[in-house]
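Chemist: This one is data.cif, mmCIF, C-alpha atoms and all ligand atoms.
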```cif
data_final
loop_
_atom_site.label_atom_id
_atom_site.label_comp_id
_atom_site.auth_asym_id
_atom_site.auth_seq_id
_atom_site.Cartn_x
_atom_site.Cartn_y
_atom_site.Cartn_z
CA MET A 1 -104.38 47.05 31.60
CA SER A 2 -103.69 45.47 28.25
CA PRO A 3 -102.73 41.81 28.51
CA ALA A 4 -99.09 40.78 28.71
CA ARG A 5 -96.80 40.55 25.75
CA ILE A 6 -95.92 36.89 25.24
CA ILE A 7 -92.17 36.42 24.99
CA ASP A 8 -91.38 34.12 22.06
CA GLY A 9 -88.44 32.06 23.33
CA LYS A 10 -88.49 29.86 20.25
CA ALA A 11 -87.89 32.85 17.96
CA VAL A 12 -85.17 34.34 20.19
CA ALA A 13 -83.44 30.94 20.47
CA GLU A 14 -83.54 30.60 16.69
CA SER A 15 -81.91 34.00 16.24
CA VAL A 16 -79.19 33.05 18.76
CA ARG A 17 -78.56 29.75 16.96
CA GLU A 18 -78.33 31.56 13.61
CA GLU A 19 -75.77 34.00 15.03
CA ILE A 20 -73.72 31.16 16.54
CA THR A 21 -73.86 29.21 13.26
CA ARG A 22 -72.50 32.28 11.44
CA ARG A 23 -69.74 32.80 14.01
CA ALA A 24 -68.80 29.09 13.97
CA ALA A 25 -68.52 29.17 10.17
CA ALA A 26 -66.26 32.23 10.44
CA LEU A 27 -64.06 30.34 12.90
CA VAL A 28 -63.75 27.38 10.52
CA GLU A 29 -62.88 29.81 7.72
CA ALA A 30 -60.24 31.64 9.78
CA LYS A 31 -58.68 28.80 11.77
CA GLY A 32 -59.93 25.53 10.27
CA VAL A 33 -61.33 24.56 13.69
CA ARG A 34 -64.91 23.51 14.46
CA PRO A 35 -66.14 24.10 18.02
CA GLY A 36 -66.25 20.65 19.64
CA LEU A 37 -68.89 19.61 22.18
CA ALA A 38 -68.93 16.33 24.12
CA VAL A 39 -72.08 15.34 25.97
CA VAL A 40 -71.95 12.52 28.51
CA LEU A 41 -75.11 10.67 29.54
CA VAL A 42 -75.00 8.00 32.25
CA GLY A 43 -78.12 5.84 32.50
CA GLU A 44 -81.47 5.78 30.72
CA ASP A 45 -83.50 8.62 32.25
CA PRO A 46 -86.00 9.35 29.44
CA ALA A 47 -86.05 13.16 29.92
CA SER A 48 -82.23 13.24 29.91
CA GLN A 49 -82.17 11.12 26.73
CA VAL A 50 -84.42 13.67 24.99
CA TYR A 51 -82.24 16.61 26.13
CA VAL A 52 -79.01 14.90 25.09
CA ARG A 53 -80.40 14.02 21.65
CA ASN A 54 -81.50 17.66 21.17
CA LYS A 55 -78.10 18.97 22.24
CA ASP A 56 -76.34 16.64 19.81
CA ARG A 57 -78.66 17.60 16.92
CA THR A 58 -78.42 21.33 17.60
CA ALA A 59 -74.63 21.17 17.79
CA GLU A 60 -74.52 19.47 14.39
CA ALA A 61 -76.97 22.00 12.94
CA CYS A 62 -74.69 24.83 14.14
CA GLY A 63 -71.77 23.21 12.32
CA PHE A 64 -70.02 21.99 15.48
CA HIS A 65 -68.07 18.79 16.01
CA SER A 66 -70.41 16.90 18.33
CA VAL A 67 -69.82 13.67 20.21
CA LYS A 68 -72.18 11.83 22.50
CA HIS A 69 -71.05 9.29 25.10
CA THR A 70 -73.82 7.09 26.46
CA LEU A 71 -72.83 4.95 29.43
CA ALA A 72 -74.82 2.26 31.26
CA ALA A 73 -76.53 3.26 34.53
CA ASP A 74 -74.20 0.97 36.52
CA THR A 75 -70.97 2.39 35.08
CA PRO A 76 -68.44 2.73 37.95
CA GLU A 77 -67.57 6.27 39.01
CA THR A 78 -63.91 5.68 38.07
CA ASP A 79 -64.94 5.03 34.45
CA VAL A 80 -66.92 8.29 34.29
CA LEU A 81 -63.96 10.18 35.77
CA ALA A 82 -61.62 8.52 33.26
CA LEU A 83 -63.86 9.60 30.37
CA VAL A 84 -63.97 13.20 31.62
CA ASP A 85 -60.19 13.13 31.95
CA ARG A 86 -59.83 11.91 28.37
CA LEU A 87 -62.18 14.65 27.10
CA ASN A 88 -60.22 17.22 29.11
CA GLN A 89 -57.07 16.22 27.17
CA ASP A 90 -58.75 16.04 23.73
CA PRO A 91 -57.89 19.15 21.69
CA ALA A 92 -60.89 18.61 19.38
CA ILE A 93 -63.25 18.97 22.35
CA HIS A 94 -63.77 22.52 23.65
CA GLY A 95 -66.89 21.92 25.74
CA ILE A 96 -67.85 19.05 28.06
CA LEU A 97 -71.34 18.58 29.44
CA VAL A 98 -72.19 15.76 31.84
CA GLN A 99 -75.96 15.43 31.92
CA LEU A 100 -77.45 15.62 35.43
CA PRO A 101 -78.76 13.94 37.49
CA LEU A 102 -76.13 11.20 37.65
CA PRO A 103 -76.99 7.78 39.15
CA GLY A 104 -76.79 7.72 42.96
CA HIS A 105 -73.48 5.82 43.21
CA ILE A 106 -71.62 8.61 41.38
CA ASP A 107 -70.45 11.70 43.26
CA GLU A 108 -71.83 14.49 41.09
CA SER A 109 -69.66 17.22 42.50
CA LYS A 110 -66.49 15.11 42.07
CA VAL A 111 -67.31 14.69 38.37
CA LEU A 112 -68.14 18.37 37.87
CA ARG A 113 -64.95 19.47 39.63
CA LEU A 114 -62.82 17.31 37.33
CA ILE A 115 -64.05 19.08 34.16
CA LYS A 116 -61.48 21.71 33.13
CA PRO A 117 -63.08 25.09 33.95
CA GLU A 118 -62.33 26.36 30.43
CA LYS A 119 -64.28 23.39 28.97
CA ASP A 120 -67.11 23.60 31.53
CA VAL A 121 -69.88 24.79 29.18
CA ASP A 122 -72.51 24.20 31.90
CA GLY A 123 -70.78 26.76 34.14
CA PHE A 124 -71.09 24.44 37.16
CA HIS A 125 -67.38 24.19 38.12
CA PRO A 126 -66.57 26.13 41.33
CA ILE A 127 -64.13 28.31 39.36
CA ASN A 128 -66.88 29.45 37.01
CA VAL A 129 -69.34 29.87 39.89
CA GLY A 130 -66.71 32.00 41.65
CA LEU A 131 -66.00 34.15 38.59
CA LEU A 132 -69.72 34.84 38.19
CA THR A 133 -70.20 35.75 41.85
CA THR A 134 -67.18 38.07 41.93
CA GLY A 135 -68.57 39.91 38.93
CA GLU A 136 -66.02 38.55 36.43
CA ARG A 137 -68.72 37.21 34.18
CA ASP A 138 -66.69 38.00 31.07
CA HIS A 139 -64.07 35.43 32.07
CA ALA A 140 -66.55 32.79 33.22
CA LEU A 141 -68.76 30.30 31.45
CA VAL A 142 -72.28 31.11 32.67
CA PRO A 143 -74.94 28.41 33.25
CA CYS A 144 -77.11 28.11 30.14
CA THR A 145 -80.65 28.42 31.52
CA PRO A 146 -80.07 31.60 33.57
CA ALA A 147 -78.07 33.08 30.66
CA GLY A 148 -81.05 32.35 28.40
CA CYS A 149 -83.43 34.01 30.87
CA LEU A 150 -81.24 37.12 30.89
CA VAL A 151 -81.23 37.27 27.08
CA LEU A 152 -85.05 37.13 27.11
CA LEU A 153 -85.26 39.84 29.80
CA LYS A 154 -82.90 42.17 27.96
CA ARG A 155 -84.67 41.69 24.64
CA THR A 156 -87.99 42.37 26.38
CA LEU A 157 -87.08 45.28 28.66
CA GLY A 158 -84.21 46.78 26.69
CA GLY A 159 -80.56 46.43 27.71
CA ASN A 160 -80.76 48.33 30.99
CA LEU A 161 -82.19 46.49 34.01
CA SER A 162 -80.47 48.78 36.54
CA GLY A 163 -82.47 49.55 39.66
CA LEU A 164 -85.30 47.14 38.91
CA SER A 165 -86.44 44.87 41.71
CA ALA A 166 -86.13 41.19 40.86
CA VAL A 167 -87.37 38.11 42.69
CA VAL A 168 -85.87 34.73 41.87
CA ILE A 169 -87.99 31.92 43.24
CA GLY A 170 -85.77 28.86 43.74
CA ARG A 171 -82.20 28.54 45.01
CA SER A 172 -80.75 25.70 42.91
CA ASN A 173 -77.16 25.73 41.71
CA ILE A 174 -78.37 25.23 38.12
CA VAL A 175 -80.84 28.13 37.93
CA GLY A 176 -81.73 30.11 41.08
CA LYS A 177 -78.31 31.06 42.43
CA PRO A 178 -76.64 31.89 39.09
CA MET A 179 -79.76 33.79 37.97
CA ALA A 180 -79.64 35.92 41.11
CA ASN A 181 -75.94 36.64 40.51
CA LEU A 182 -76.54 37.63 36.89
CA LEU A 183 -79.36 40.01 37.89
CA LEU A 184 -77.20 41.46 40.66
CA GLN A 185 -74.50 42.15 38.10
CA GLU A 186 -77.14 43.98 36.03
CA SER A 187 -77.67 46.19 39.12
CA CYS A 188 -81.10 44.82 39.96
CA THR A 189 -82.20 44.70 43.60
CA VAL A 190 -82.40 40.95 43.98
CA THR A 191 -84.39 38.79 46.39
CA ILE A 192 -83.95 35.01 46.38
CA ALA A 193 -87.14 33.34 47.59
CA HIS A 194 -87.55 29.63 48.28
CA SER A 195 -89.73 27.04 49.98
CA ARG A 196 -89.15 28.56 53.43
CA THR A 197 -89.88 32.14 52.42
CA LYS A 198 -92.59 33.75 54.54
CA ASP A 199 -95.47 35.38 52.66
CA LEU A 200 -94.17 34.62 49.17
CA PRO A 201 -97.13 36.40 47.48
CA ALA A 202 -96.15 39.67 49.22
CA VAL A 203 -92.50 39.24 48.16
CA VAL A 204 -93.48 38.59 44.53
CA ARG A 205 -95.87 41.59 44.48
CA GLU A 206 -92.88 43.93 44.94
CA ALA A 207 -91.01 42.64 41.90
CA ASP A 208 -90.55 44.25 38.48
CA ILE A 209 -88.92 41.00 37.35
CA VAL A 210 -90.06 37.54 38.50
CA VAL A 211 -88.03 34.44 37.64
CA ALA A 212 -89.82 31.27 38.77
CA ALA A 213 -87.65 28.15 39.03
CA VAL A 214 -89.16 25.89 41.67
CA GLY A 215 -90.62 22.96 39.74
CA ARG A 216 -94.12 23.25 41.22
CA PRO A 217 -96.92 23.43 38.66
CA GLU A 218 -98.67 26.83 38.55
CA MET A 219 -97.53 27.75 42.06
CA VAL A 220 -97.21 31.46 41.31
CA ARG A 221 -100.74 32.87 41.04
CA GLY A 222 -101.83 35.69 38.76
CA ASP A 223 -102.74 38.13 41.53
CA TRP A 224 -99.19 37.88 42.96
CA ILE A 225 -97.82 39.65 39.88
CA LYS A 226 -97.13 43.39 40.14
CA PRO A 227 -98.93 45.19 37.27
CA GLY A 228 -96.60 45.38 34.27
CA ALA A 229 -93.93 43.02 35.67
CA ALA A 230 -91.79 40.82 33.40
CA VAL A 231 -92.34 37.15 34.27
CA ILE A 232 -89.84 34.45 33.27
CA ASP A 233 -91.13 30.93 33.90
CA VAL A 234 -88.37 28.31 34.05
CA GLY A 235 -90.64 25.50 35.26
CA ILE A 236 -91.52 22.58 32.99
CA ASN A 237 -94.07 20.41 34.79
CA ARG A 238 -96.11 17.60 33.29
CA ILE A 239 -99.61 17.37 34.77
CA PRO A 240 -102.65 15.21 34.03
CA ALA A 241 -104.98 16.67 31.37
CA PRO A 242 -108.18 14.55 31.50
CA GLU A 243 -109.91 17.18 29.33
CA ARG A 244 -107.70 15.96 26.47
CA GLY A 245 -108.72 12.36 27.00
CA GLU A 246 -107.98 9.56 29.40
CA GLY A 247 -104.35 9.31 30.48
CA LYS A 248 -103.36 12.50 28.59
CA THR A 249 -100.97 15.05 30.06
CA ARG A 250 -99.83 18.59 29.31
CA LEU A 251 -96.89 20.83 30.21
CA VAL A 252 -97.31 23.81 32.52
CA GLY A 253 -94.85 26.19 34.12
CA ASP A 254 -94.39 27.32 37.71
CA VAL A 255 -96.66 30.30 36.97
CA ALA A 256 -100.43 30.12 36.42
CA PHE A 257 -100.08 31.53 32.89
CA GLU A 258 -103.69 32.44 32.04
CA GLU A 259 -104.16 34.08 35.43
CA ALA A 260 -100.95 36.07 35.11
CA LEU A 261 -101.70 37.39 31.59
CA PRO A 262 -103.87 40.35 32.65
CA HIS A 263 -101.33 41.43 35.31
CA ALA A 264 -97.91 40.94 33.70
CA GLY A 265 -96.31 43.31 31.19
CA ALA A 266 -94.56 40.39 29.51
CA ILE A 267 -94.44 36.66 30.21
CA THR A 268 -92.80 33.52 28.82
CA PRO A 269 -95.11 30.65 27.87
CA VAL A 270 -94.46 26.97 28.70
CA PRO A 271 -93.55 25.37 26.40
CA GLY A 272 -91.88 27.82 24.00
CA GLY A 273 -90.36 30.27 26.48
CA VAL A 274 -87.17 29.57 28.41
CA GLY A 275 -86.87 25.91 27.27
CA PRO A 276 -85.52 26.55 23.77
CA MET A 277 -83.04 29.13 25.10
CA THR A 278 -81.03 26.65 27.20
CA ILE A 279 -79.62 24.68 24.27
CA ALA A 280 -79.04 27.86 22.25
CA MET A 281 -76.92 29.25 25.11
CA LEU A 282 -75.03 25.93 25.34
CA MET A 283 -74.00 26.46 21.73
CA ALA A 284 -72.93 30.02 22.57
CA ASN A 285 -70.85 28.77 25.52
CA THR A 286 -69.20 26.08 23.40
CA LEU A 287 -68.17 28.66 20.79
CA THR A 288 -66.89 31.00 23.53
CA ALA A 289 -64.90 28.12 25.06
CA ALA A 290 -63.41 27.18 21.68
CA ARG A 291 -62.32 30.76 20.92
CA ARG A 292 -60.71 31.16 24.34
CA GLN A 293 -58.84 27.86 23.98
CA LEU A 294 -57.55 29.06 20.61
CA GLY A 295 -56.42 32.37 22.15
CA LEU A 296 -58.89 34.44 20.08
CA PRO A 297 -60.55 37.66 21.29
CA GLU A 298 -64.04 37.68 22.79
CA GLU A 299 -66.93 38.36 20.43
CA GLU A 300 -69.88 40.72 21.02
CA PRO A 301 -71.75 39.25 24.03
CA LEU A 302 -75.30 38.01 23.43
CA PHE A 303 -76.48 39.53 26.71
N1 LIG A 401 -80.06 18.57 33.91
C1 LIG A 401 -81.06 19.49 33.95
N2 LIG A 401 -80.60 20.68 33.52
C2 LIG A 401 -79.30 20.51 33.20
C3 LIG A 401 -78.29 21.38 32.71
O1 LIG A 401 -78.49 22.57 32.46
N3 LIG A 401 -77.07 20.80 32.52
C4 LIG A 401 -76.82 19.51 32.80
N4 LIG A 401 -75.58 19.06 32.60
N5 LIG A 401 -77.72 18.68 33.27
C5 LIG A 401 -78.96 19.18 33.47
#
```
Step by step, read the file and then write its structure as structure tokens.

Modeler:
Amino acid sequence: MSPARIIDGKAVAESVREEITRRAAALVEAKGVRPGLAVVLVGEDPASQVYVRNKDRTAEACGFHSVKHTLAADTPETDVLALVDRLNQDPAIHGILVQLPLPGHIDESKVLRLIKPEKDVDGFHPINVGLLTTGERDHALVPCTPAGCLVLLKRTLGGNLSGLSAVVIGRSNIVGKPMANLLLQESCTVTIAHSRTKDLPAVVREADIVVAAVGRPEMVRGDWIKPGAAVIDVGINRIPAPERGEGKTRLVGDVAFEEALPHAGAITPVPGGVGPMTIAMLMANTLTAARRQLGLPEEEPLF
């Protein structure tokens, strides 16, 4: 078999951002309103700081109104709730994202439930989770990483995924569960595998589509991949790379990429696959949220 096509997430994310920038400019032209995104970061987690900075920069580059709230790690829960409440009431803010994880003394689900569902651009509020699971995706805000995975799959396999068998490895609320629901809505036959799954290699070998979101470096081996399958690797794991020099590290996914190449039909690299799609889809959600809050019709979906 010829080696897998490598799915260029950077290029797809750029095309999504360009489309959103165009649509945002049209909104400003028509209504004089810029989509407004507020990102809340509590604490100093370095990875979260990088994400939040990227979100802020991308929002500005798309022509959005972007605000960043950085709070100390020991901020009381009541102060975080008060900030969310204020953002809920602010007409210039159409999307609110509270960066996770939150420090241990803050009840994550209490904070997420306070965000108005129509401003919940992460798609984590139970209302949005419910709309996705009942198949009312067009009224929901869909979590950004799974939405980005679906865009990559549709651009790779064509629009119709109906009847394909899909395995999602990982059952998190952020990726695994919403991904499975999105694929189900595309009429895939979906299996959710996780750490307790028996004979995971055999389960993966059945799949036309594999989405790996477990956070274990190179756990999915090349010979698990059904010939020609589409492989979407959500994992971003930093591992030691002594071959690059003492103390050096490199990023790998949840899939053993080099091993999978001769088996897969198409595969996302790490970095440069799913990663860039998440922020692009956050921009798309923020624009969708803004249009809905202004009572405007839905635009052509991106997936
Ligand atoms: N932390 C890791 N991924 C995410 C995400 O998609 N949204 C938020 N809010 N926090 C995260």

Chemist: Just want the residues within 8 Å of ligand LIG 401 (chain A), written as a list in words, counting all atoms listed in the file.

Modeler: Ser48, Leu97, Val98, Gln99, Leu100, Pro101, Asp122, Pro143, Cys144, Thr145, Ile174 and Thr278 of chain A

Chemist: Hey, what's within 8 Å of Ala212 (chain A) if we count all atoms listed in the file and toss same-chain stuff fewer than 6 positions away? As a count of residues only, please?

Modeler: 11

Chemist: CA of Ile7 (chain A) and CA of Thr286 (chain A), how far apart in Å?

Modeler: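 If I compute the distance from CA of Thr286 (chain A) to CA of Ile7 (chain A), I get 25.2 Å.
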
Chemist: Have a look at A:Thr249, A:Gln49, A:Asn285, A:Asn173 and name the one nearest to Pro126 (chain A); count only C-alpha atoms.

Modeler: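 Looking only at the distances to Pro126 (chain A), the closest residue turns out to be A:Asn173.
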
Chemist: What is the CA of Leu157 (chain A) to CA of Pro227 (chain A) distance in Å?

Modeler: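 Separation of CA of Leu157 (chain A) and CA of Pro227 (chain A): 14.6 Å.
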
Chemist: One decimal, in Å: what's the spacing between CA of Leu71 (chain A) and CA of Glu44 (chain A)?

Modeler: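 A separation of 8.8 Å between them.
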
Chemist: Counting only C-alpha atoms, figure out which residue out of A:Val270, A:Met277, A:Ile127, A:Ala260 gets nearest to Ile236 (chain A).

Modeler: A:Val270

Chemist: Write out as a list in words which residues come within 8 Å of region 20-26 of chain A when counting all atoms listed in the file, dropping same-chain ones fewer than 4 positions away.

Modeler: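 Selected residues are Val16, Ala30, Arg34, Pro35, Ala61, Cys62, Gly63, Phe64, Met283, Ala284 and Leu287 of chain A.
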
Chemist: Taking 5 positions as the minimum chain separation for residues in the same chain, which residues sit within 12 Å of region 238-248 of chain A when counting all atoms listed in the file? Answer as a VMD selection string.

Modeler: chain A and resid 47 215 to 218 253 to 254 270 to 271

Chemist: Could those selected residues go to a file with C-alpha atoms, as a short mmCIF file (atom, residue, chain, number, x, y, z; two decimals), in the frame of the given file?

Modeler:
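Okay, part-v8.cif is ready:
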```cif
data_model
loop_
_atom_site.label_atom_id
_atom_site.label_comp_id
_atom_site.auth_asym_id
_atom_site.auth_seq_id
_atom_site.Cartn_x
_atom_site.Cartn_y
_atom_site.Cartn_z
CA ALA A 47 -86.05 13.16 29.92
CA GLY A 215 -90.62 22.96 39.74
CA ARG A 216 -94.12 23.25 41.22
CA PRO A 217 -96.92 23.43 38.66
CA GLU A 218 -98.67 26.83 38.55
CA GLY A 253 -94.85 26.19 34.12
CA ASP A 254 -94.39 27.32 37.71
CA VAL A 270 -94.46 26.97 28.70
CA PRO A 271 -93.55 25.37 26.40
#
```

Chemist: In the coordinates of the file, take the point (-55.3, 23.8, 19.2) and a cut-off of 8 Å; then, counting all atoms listed in the file, name each qualifying protein, DNA or RNA residue as a ChimeraX atom specification.

Modeler: /A:91-92,293-294

Chemist: Hey, which of A:Leu153, A:Ala213, A:Ala202, A:Ala38 ends up closest to Arg171 (chain A)? Count only C-alpha atoms.

Modeler: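 Looking at the shortest contact to Arg171 (chain A), the residue is A:Ala213.
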
Chemist: Could you name the residues that touch Asn88 (chain A) at 12 Å or less, counting all atoms listed in the file, but leaving out those on the same chain fewer than 5 positions away, as a ChimeraX atom specification?

Modeler: /A:36-38,81-83,93-97,111-120,293

Chemist: I'd like the contact shell of Glu186 (chain A) - 8 Å cut-off, only C-alpha atoms, skipping same-chain residues fewer than 5 positions apart - returned as a PyMOL selection string.

Modeler: chain A and resi 160-162

Chemist: Calculated over only C-alpha atoms, which of the candidates A:Glu136, A:Glu206, A:Glu14, A:Asp223 has the smallest distance to Leu182 (chain A)?

Modeler: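 Counting only C-alpha atoms, the residue closest to Leu182 (chain A) is A:Glu136.
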
Chemist: Determine the nearest neighbour of Pro262 (chain A) from the options A:His69, A:Glu298, A:Arg221, A:Pro46, counting all atoms listed in the file.

Modeler: A:Arg221

Chemist: Which protein, DNA or RNA residues are at most 7 Å from (-83.0, 37.8, 36.7) in the file's coordinates when you count all atoms listed in the file, listed as a PyMOL selection string?

Modeler: chain A and resi 149-150+166+168+179-180+182-183+209+211

Chemist: When distances are computed from all atoms listed in the file, which of A:Lys198, A:Lys68, A:His263, A:Arg292 shows the smallest separation from Ala229 (chain A)?

Modeler: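 Closest to Ala229 (chain A) of all the choices is A:His263.
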
Chemist: Put region 9-76 of chain A into a file with C-alpha atoms, as a JSON list (two decimals), in the first residue's frame.

Modeler:
```
[["chain", "number", "residue", "atom", "x", "y", "z"],
["A", 9, "GLY", "CA", -4.17, 20.72, 10.01],
["A", 10, "LYS", "CA", -2.23, 23.97, 9.85],
["A", 11, "ALA", "CA", -3.43, 24.65, 6.31],
["A", 12, "VAL", "CA", -7.05, 23.69, 7.06],
["A", 13, "ALA", "CA", -7.03, 25.84, 10.22],
["A", 14, "GLU", "CA", -5.70, 28.76, 8.21],
["A", 15, "SER", "CA", -8.49, 28.41, 5.65],
["A", 16, "VAL", "CA", -11.08, 28.30, 8.47],
["A", 17, "ARG", "CA", -9.57, 31.42, 10.08],
["A", 18, "GLU", "CA", -9.62, 33.23, 6.72],
["A", 19, "GLU", "CA", -13.30, 32.37, 6.22],
["A", 20, "ILE", "CA", -14.17, 33.51, 9.76],
["A", 21, "THR", "CA", -12.21, 36.76, 9.27],
["A", 22, "ARG", "CA", -14.22, 37.43, 6.10],
["A", 23, "ARG", "CA", -17.52, 36.66, 7.82],
["A", 24, "ALA", "CA", -16.62, 38.80, 10.86],
["A", 25, "ALA", "CA", -15.78, 41.74, 8.58],
["A", 26, "ALA", "CA", -19.15, 41.31, 6.86],
["A", 27, "LEU", "CA", -20.86, 41.40, 10.26],
["A", 28, "VAL", "CA", -19.08, 44.64, 11.19],
["A", 29, "GLU", "CA", -20.10, 46.09, 7.81],
["A", 30, "ALA", "CA", -23.75, 45.05, 8.20],
["A", 31, "LYS", "CA", -24.36, 45.60, 11.91],
["A", 32, "GLY", "CA", -21.38, 47.54, 13.27],
["A", 33, "VAL", "CA", -20.75, 44.73, 15.77],
["A", 34, "ARG", "CA", -17.49, 42.83, 16.29],
["A", 35, "PRO", "CA", -17.76, 39.30, 17.70],
["A", 36, "GLY", "CA", -16.56, 39.56, 21.32],
["A", 37, "LEU", "CA", -14.61, 36.81, 23.08],
["A", 38, "ALA", "CA", -13.64, 36.79, 26.77],
["A", 39, "VAL", "CA", -11.08, 34.28, 27.97],
["A", 40, "VAL", "CA", -10.64, 33.69, 31.70],
["A", 41, "LEU", "CA", -7.44, 32.17, 33.08],
["A", 42, "VAL", "CA", -7.10, 31.38, 36.78],
["A", 43, "GLY", "CA", -3.57, 30.60, 37.94],
["A", 44, "GLU", "CA", -0.21, 30.29, 36.21],
["A", 45, "ASP", "CA", -0.24, 26.88, 34.51],
["A", 46, "PRO", "CA", 2.35, 27.42, 31.73],
["A", 47, "ALA", "CA", 0.52, 25.34, 29.06],
["A", 48, "SER", "CA", -2.73, 27.22, 29.81],
["A", 49, "GLN", "CA", -0.89, 30.55, 29.55],
["A", 50, "VAL", "CA", 0.34, 29.61, 26.07],
["A", 51, "TYR", "CA", -3.16, 28.55, 24.93],
["A", 52, "VAL", "CA", -4.79, 31.68, 26.32],
["A", 53, "ARG", "CA", -2.22, 33.94, 24.64],
["A", 54, "ASN", "CA", -2.82, 32.15, 21.32],
["A", 55, "LYS", "CA", -6.59, 32.46, 21.66],
["A", 56, "ASP", "CA", -6.29, 36.18, 22.38],
["A", 57, "ARG", "CA", -3.95, 36.76, 19.42],
["A", 58, "THR", "CA", -6.04, 34.73, 16.99],
["A", 59, "ALA", "CA", -9.21, 36.54, 18.03],
["A", 60, "GLU", "CA", -7.54, 39.89, 17.33],
["A", 61, "ALA", "CA", -6.21, 38.63, 13.99],
["A", 62, "CYS", "CA", -9.77, 37.62, 13.01],
["A", 63, "GLY", "CA", -10.96, 41.15, 13.79],
["A", 64, "PHE", "CA", -12.79, 40.20, 16.99],
["A", 65, "HIS", "CA", -13.13, 42.19, 20.20],
["A", 66, "SER", "CA", -10.97, 40.13, 22.55],
["A", 67, "VAL", "CA", -10.54, 40.44, 26.30],
["A", 68, "LYS", "CA", -8.39, 38.37, 28.59],
["A", 69, "HIS", "CA", -8.93, 38.11, 32.35],
["A", 70, "THR", "CA", -6.00, 36.69, 34.27],
["A", 71, "LEU", "CA", -6.72, 35.91, 37.92],
["A", 72, "ALA", "CA", -4.35, 34.75, 40.67],
["A", 73, "ALA", "CA", -4.32, 31.02, 41.49],
["A", 74, "ASP", "CA", -5.81, 31.70, 44.95],
["A", 75, "THR", "CA", -8.77, 33.75, 43.67],
["A", 76, "PRO", "CA", -11.88, 32.72, 45.65]]
```
